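Asker: Dropping a structure here in structure tokens format, bear with me for questions.
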Amino acid sequence: MKLFLFLTTLFISGMSYCQEFNISQIPDSILRSANVVKRMEELTVSIKADDKIIVRRKYALTILNREGDEYAEYINNYSNLEELSKIEGYLFDSKGNKIKSIKRKDIADESITDGFSLMLDDRIKKHNFYCRQYPYTILYEDEQELKSAYFLPYWFPVKNDGFSVQQSRFTVETPLDFNLRFKQINLFTPPVIIKDKTIKYTWEVNNLIATNAESFQPPIKELLPIVYIGPKEFSLGKYKASMDSWANLGKLNNMLNLGKQELPDKVKNEIHALTDSLNSNSEKSIALYKYLQANTRYISVQLGLGGWQPFDAKYVATNKYGDCKALSNYMISLLNEVGIKANYVLVTAGSGKKGLSEDFPAPYFNHVITCIPNNKDTIWLECTSQSESPGYLGTFTGDRKALLIDQDGGHVVSTPAYQEDDNLQLRKITCAVDVSGELTAKLVTHFTGTQQENVHSLIHNASKEERERYLNNTISLPTYKIDFMEYKEKQGKIPLVTEELHITAPNFATVSGRRLFIDIHAFNRSNTRLSKNVNRSRPIQFILPFKDIDTVQITIPTGYQPEAIPKDILLNTLFSSYSTTYLVKDNQILVVRKQIRKRIQLPSTAYNEVVNYFEAVYKSDHSKIVFVKKENL
């Protein structure tokens with residue numbers, strides 16, 4: 001009888017999934033524009049006590065095409081503060097029939113930065129069915145136990161454009177005396193709150209239709225629904241603190257870093273010998289930063305308290321390595337030793353990332369840098385790089401809100417924002433074309449600010465393949481040969497890299513009978529063309545300002561006269577300006593191209609103006625000069 005009931009239960013369960021995950025159960029409106037559909041999600045956070053939080057997660061995704069495959073992988077992390085258990089997974093076909101179940105041996109267990117990290121505390125478990133028979137559905141379920149409310153999960157039901165949601169629910173259950181803080185974005189309905197023996201908060205969304213990505217749109221997390229949660233008071237190991245304000249959250253770091261700045265006598269003697277004869281704090285700071293770069297290297301070392309507590313200065317001095325926390329703490333220790341005040345700064349790093357939310361204190365940080373405050377002469381230091389300029393942060397940590405840790409706690413600060421005059425590309429090209437159309441050219445380019453970052457990486461970190469890819473993107477020629485290549489760097493708060501290239505390129509100019517066609521903008525051109533007649537719904541955001549000035553001087557064979565020269569062009573808009581001028585005299589051509597882009601956000605109604613601007617620049621950059629050989633030659 002028990003066996004019969006068990007088999008019946010399995011049969012009914014299988015039928016339920018078959019009905020639930022059959023693709024026919026997805027409304028056509030949900031399928032439209034989607035690469036993946038979230039069929040259901042239950043994310044539940046049960047706060048039993050400050051040191052016991054149970055997180056249960058169950059979700060099913062139907063993958064419709066290859067573009068959706070990136071969402072089919074299960075991944076979750078665990079550490080000494082986060083236990084991960086009860087991982088289950090199932091694969092279903094288009095009709096909802098179960099094909100496969102997860103097996104323990106198939107779950108990968110890896111370091112978060114596997115192959116690079118040393119003694120990393122956080123690890124991840126991963127699984128993928130690697131199905132390519134579309135559409136297919138995956139269902140995963142797991143459970144975590146967190147030992148601190150310091151870092152609680154957030155709810156992000158729609159992962160990206162091309163992602164539809166049939167149903168997703170987020171439930172947070174707390175004791176009656178627990179002070180839960182939350183911030184919801186792009187959700188206009190408050191949570192349902194039920195008070196009984198506990199307090200239960202519930203958010204839910206249903207039938208969200210996939211959105212299409214739009215050119216130059218803001219970051220996706222600014223556009224889609226999201227709910228962040230956090231406690232008011234919490235414990236992290238033996239430390240008790242509060243995150244009801246950024247000031248109080250910063251006090252935790254003072255406790256975590258206390259007593260970790262003592263240096264070995266040998267290091268003290270070395271840095272005093274290095275700096276005592278220097279006159280200014282700026283000179284001393286730069287000298288110590290270069291000392292750090294020469295004597296340490298970055299390795300992710302995140303053991304202890306979930307990776308939030310740094311190893312002490314003696315550890316770094318002895319082992320010659322550390323992670324961002326340990327190296328920043330070490331740098332501060334070096335500066336303090338010679339009488340220079342410096343601060344530990346928590347930041348969310350990554351190109352295009354945003355900084356902290358001033359109205360919602362929470363530890364959403366992934367990096368630590370160092371700040372030497374001095375009004376307008378403040379120096380920011382990226383302590384994990386052995387080649388970066390002192391004072392330069394760039395696209396990795398620049399232009400965002402960060403949390404500076406001082407004796408009285410945390411202070412919200414802004415990291416440097418780089419303007420168009422900081423981010424230059426000034427290129428002078430001197431070249432000649434012979435009668436066969438072959439080009440010989442000398443290119444000298446000065447890159448500053450964010451525009452030197454790729455070239456800086458090319459010098460210090462790039463592989464041969466990456467260098468070739470960079471040059472192919474730089475030089476829009478089908479074939480060419482580099483006869484000479486040289487790079488020079490000048491460090492500073494706005495670093496400068498000078499690149500010199502000597503190249504030859506057969507068939508640069510097209511020879512057709514008596515005519516010579518010259519592609520004048522082959523070394524810096526825009527290939528951006530935007531779709532017209534689009535019903536734009538999202539703001540238009542230009543994040544990286546820059547200024548490009550290209551001066552091209554070409555000598556052509558004698559005996560040719562101009563037949564078709566593009567007209568000079570001048571474009572001015574709220575977000576960008578562009579100009580190109582042409583001067584032809586005898587067998588010399590001088591072309592000056594200038595483009596300036598601002599950092600700005602525009603309303604969606606400005607889209608047509610943006611389209612027209614890029615179209616005009618594209619046409620100008622793809623125009624050619626035509627010469628014809630004189631009849632009597």
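Residues in the structure tokens are numbered from 1 in each chain, the chains being A, B, ... in the order shown, and ligands are numbered from 1 in the order shown.
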Using only C-alpha atoms, determine which residues lie at most 12 Å from Tyr480 of chain A, disregarding the query and same-chain residues fewer than 5 positions distant; provide the list as an MDAnalysis selection string.
Answerer: chainID A and resid 438:441 468 471:472 474:475 501:508 522
Asker: Mind checking DSSP for segment 116-253 of chain A and telling me the strand (DSSP E or B) residues as a PyMOL selection string?
Answerer: chain A and resi 123-127+136-146+155+163-175+180-185+192-195+198-208+226-231+233-236+239-242
Asker: Atom CA of Ile53 of chain A and atom CA of Tyr90 of chain A, how far apart in Å?
Answerer: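 Taking atom CA of Tyr90 of chain A as the start and atom CA of Ile53 of chain A as the end point, the length is 26.1 Å.
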Asker: Counting only C-alpha atoms, which of A:Thr450, A:Ser457, A:Ser285, A:Thr605 gets nearest to Asp377 of chain A?
Answerer: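 Going through A:Thr450, A:Ser457, A:Ser285, A:Thr605 one by one, the smallest distance to Asp377 of chain A is for A:Ser285.
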Asker: When you draw a straight line from atom CA of Thr430 of chain A to atom CA of Lys464 of chain A, how long is it in Å?
Answerer: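 Interatomic distance here is 26.5 Å.
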Asker: Of the candidates A:Leu256, A:Thr580, A:Pro219, A:Gln491, which shows the shortest atom-to-atom distance to Gln601 of chain A, using only C-alpha atoms?
Answerer: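 Closest candidate: A:Pro219.
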Asker: Give me the residues within 9 Å of Pro373 of chain A as a short mmCIF file (atom, residue, chain, number, x, y, z; two decimals) with N, CA, C and O atoms, in the first residue's frame, counting only C-alpha atoms and dropping any in the same chain fewer than 3 places off.
Answerer:
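And here's result-v7.cif as it stands now:
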data_model
loop_
_atom_site.label_atom_id
_atom_site.label_comp_id
_atom_site.auth_asym_id
_atom_site.auth_seq_id
_atom_site.Cartn_x
_atom_site.Cartn_y
_atom_site.Cartn_z
N LYS A 341 48.49 61.24 7.00
CA LYS A 341 47.18 60.64 7.26
C LYS A 341 46.60 60.08 5.97
O LYS A 341 46.60 60.73 4.93
N ALA A 342 46.08 58.86 6.05
CA ALA A 342 45.44 58.24 4.90
C ALA A 342 44.25 57.42 5.36
O ALA A 342 44.15 57.05 6.54
N ASN A 343 43.35 57.16 4.43
CA ASN A 343 42.10 56.49 4.78
C ASN A 343 41.83 55.28 3.89
O ASN A 343 42.14 55.27 2.70
N LYS A 376 41.82 69.98 -2.48
CA LYS A 376 41.86 69.79 -3.92
C LYS A 376 43.05 68.93 -4.37
O LYS A 376 43.10 68.50 -5.53
N ASP A 377 44.00 68.69 -3.49
CA ASP A 377 45.18 67.89 -3.85
C ASP A 377 45.09 66.47 -3.30
O ASP A 377 46.11 65.80 -3.11
N THR A 378 43.88 65.99 -3.02
CA THR A 378 43.69 64.63 -2.54
C THR A 378 44.30 63.62 -3.52
O THR A 378 44.17 63.77 -4.74
N ILE A 379 44.96 62.62 -2.97
CA ILE A 379 45.59 61.57 -3.78
C ILE A 379 44.84 60.27 -3.54
O ILE A 379 44.67 59.84 -2.39
N TRP A 380 44.41 59.61 -4.62
CA TRP A 380 43.76 58.31 -4.55
C TRP A 380 44.73 57.25 -5.07
O TRP A 380 45.40 57.46 -6.08
#
Asker: Might you pull out every residue within 10 Å of Arg32 of chain A, with only C-alpha atoms counted and same-chain residues fewer than 6 positions away left off, and present them as number ranges by chain?
Answerer: A: 162-164, 209-211
Asker: Just the selected residues (all heavy atoms), exported as a JSON list (two decimals), in the first residue's frame, please.
Answerer:
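Below is the file that was written, again.json:
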[["chain", "number", "residue", "atom", "x", "y", "z"],
["A", 162, "GLY", "N", 15.54, 40.87, -22.64],
["A", 162, "GLY", "CA", 15.29, 39.56, -23.22],
["A", 162, "GLY", "C", 14.87, 38.52, -22.21],
["A", 162, "GLY", "O", 14.91, 37.32, -22.49],
["A", 163, "PHE", "N", 14.46, 38.96, -21.02],
["A", 163, "PHE", "CA", 14.16, 38.07, -19.89],
["A", 163, "PHE", "C", 12.72, 38.35, -19.43],
["A", 163, "PHE", "O", 12.43, 39.43, -18.93],
["A", 163, "PHE", "CB", 15.15, 38.35, -18.76],
["A", 163, "PHE", "CG", 15.23, 37.30, -17.69],
["A", 163, "PHE", "CD1", 16.34, 36.47, -17.60],
["A", 163, "PHE", "CD2", 14.22, 37.14, -16.77],
["A", 163, "PHE", "CE1", 16.45, 35.52, -16.59],
["A", 163, "PHE", "CE2", 14.30, 36.19, -15.77],
["A", 163, "PHE", "CZ", 15.43, 35.37, -15.68],
["A", 164, "SER", "N", 11.82, 37.37, -19.64],
["A", 164, "SER", "CA", 10.43, 37.51, -19.20],
["A", 164, "SER", "C", 10.22, 36.78, -17.88],
["A", 164, "SER", "O", 10.97, 35.86, -17.55],
["A", 164, "SER", "CB", 9.47, 36.92, -20.24],
["A", 164, "SER", "OG", 9.40, 37.72, -21.39],
["A", 209, "ILE", "N", 6.80, 41.25, -19.26],
["A", 209, "ILE", "CA", 7.21, 40.98, -20.64],
["A", 209, "ILE", "C", 8.64, 41.43, -20.86],
["A", 209, "ILE", "O", 9.07, 42.50, -20.38],
["A", 209, "ILE", "CB", 6.26, 41.71, -21.61],
["A", 209, "ILE", "CG1", 4.83, 41.17, -21.44],
["A", 209, "ILE", "CG2", 6.71, 41.55, -23.06],
["A", 209, "ILE", "CD1", 3.79, 41.96, -22.21],
["A", 210, "ALA", "N", 9.41, 40.64, -21.58],
["A", 210, "ALA", "CA", 10.82, 40.94, -21.84],
["A", 210, "ALA", "C", 10.97, 42.29, -22.54],
["A", 210, "ALA", "O", 10.18, 42.65, -23.42],
["A", 210, "ALA", "CB", 11.44, 39.85, -22.69],
["A", 211, "THR", "N", 11.97, 43.02, -22.12],
["A", 211, "THR", "CA", 12.29, 44.30, -22.74],
["A", 211, "THR", "C", 13.42, 44.12, -23.75],
["A", 211, "THR", "O", 14.19, 43.16, -23.67],
["A", 211, "THR", "CB", 12.71, 45.32, -21.68],
["A", 211, "THR", "OG1", 13.79, 44.76, -20.90],
["A", 211, "THR", "CG2", 11.56, 45.67, -20.76]]
Asker: Taking the DSSP secondary structure from the backbone, can you list the residues of segment 249-398 of chain A that are helix (DSSP H, G or I), as a PyMOL selection string?
Answerer: chain A and resi 249-257+265-275+281-295+305-307+313-319+324-337+375-377+394-397
Asker: Could you name the residues that touch Lys314 of chain A at 12 Å or less, counting only C-alpha atoms, but leaving out those on the same chain fewer than 2 positions away, as a ChimeraX atom specification?
Answerer: /A:259-268,310-312,316-322,326-327,329-331,333-334
Asker: What is the atom CA of Asp142 of chain A-atom CA of Glu67 of chain A distance in Å, reported with one decimal?
Answerer: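 These atoms are spaced 25.2 Å apart.
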Asker: List the spatial neighbours of Phe627 of chain A as an MDAnalysis selection string - criterion: any atom at most 9 Å away, only C-alpha atoms, same-chain residues fewer than 4 positions off excluded.
Answerer: chainID A and resid 514:518 560:565
Asker: Kindly save the residues from that selection, with C-alpha atoms included, as a PDB file, in the first residue's frame.
Answerer:
ATOM      1  CA  ARG A 514      43.475  57.877 -63.946  1.00  0.00           C
ATOM      2  CA  ARG A 515      41.791  58.181 -60.545  1.00  0.00           C
ATOM      3  CA  LEU A 516      43.134  57.786 -57.035  1.00  0.00           C
ATOM      4  CA  PHE A 517      40.629  57.146 -54.182  1.00  0.00           C
ATOM      5  CA  ILE A 518      41.970  57.855 -50.684  1.00  0.00           C
ATOM      6  CA  TYR A 560      47.229  64.511 -59.649  1.00  0.00           C
ATOM      7  CA  GLN A 561      44.588  67.141 -59.081  1.00  0.00           C
ATOM      8  CA  PRO A 562      41.547  66.965 -56.781  1.00  0.00           C
ATOM      9  CA  GLU A 563      38.294  65.856 -58.390  1.00  0.00           C
ATOM     10  CA  ALA A 564      36.078  65.318 -55.316  1.00  0.00           C
ATOM     11  CA  ILE A 565      36.793  66.635 -51.846  1.00  0.00           C
TER      12      ILE A 565
END
Asker: When you count only C-alpha atoms, which of these residues is closest to Pro27 of chain A: A:Val165, A:Ala313, A:Ile199, A:Ala432?
Answerer: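 Of the candidates, the smallest distance to Pro27 of chain A is held by A:Val165.
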Asker: Could you pull the residues within 10 Å of Glu453 of chain A, counting only C-alpha atoms, minus those fewer than 5 positions along the same chain, as a ChimeraX atom specification?
Answerer: /A:388,394-396,423,447-448,458-459,495-497
Asker: Measuring atom to atom with only C-alpha atoms, identify which of A:Leu381, A:Leu180, A:Val444, A:Ala616 is nearest to Asp244 of chain A.
Answerer: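 The shortest atom-to-atom distance to Asp244 of chain A comes from A:Leu180.
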Asker: I'd like to know which of A:Cys383, A:Thr555, A:Pro135, A:Ile87 is closest to Val435 of chain A, using only C-alpha atoms.
Answerer: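 Among the listed residues, the smallest separation from Val435 of chain A belongs to A:Thr555.
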Asker: Nearest to Lys532 of chain A: which of A:Ser436, A:Ser215, A:Ser328, A:Thr551 is it, counting only C-alpha atoms?
Answerer: A:Ser215
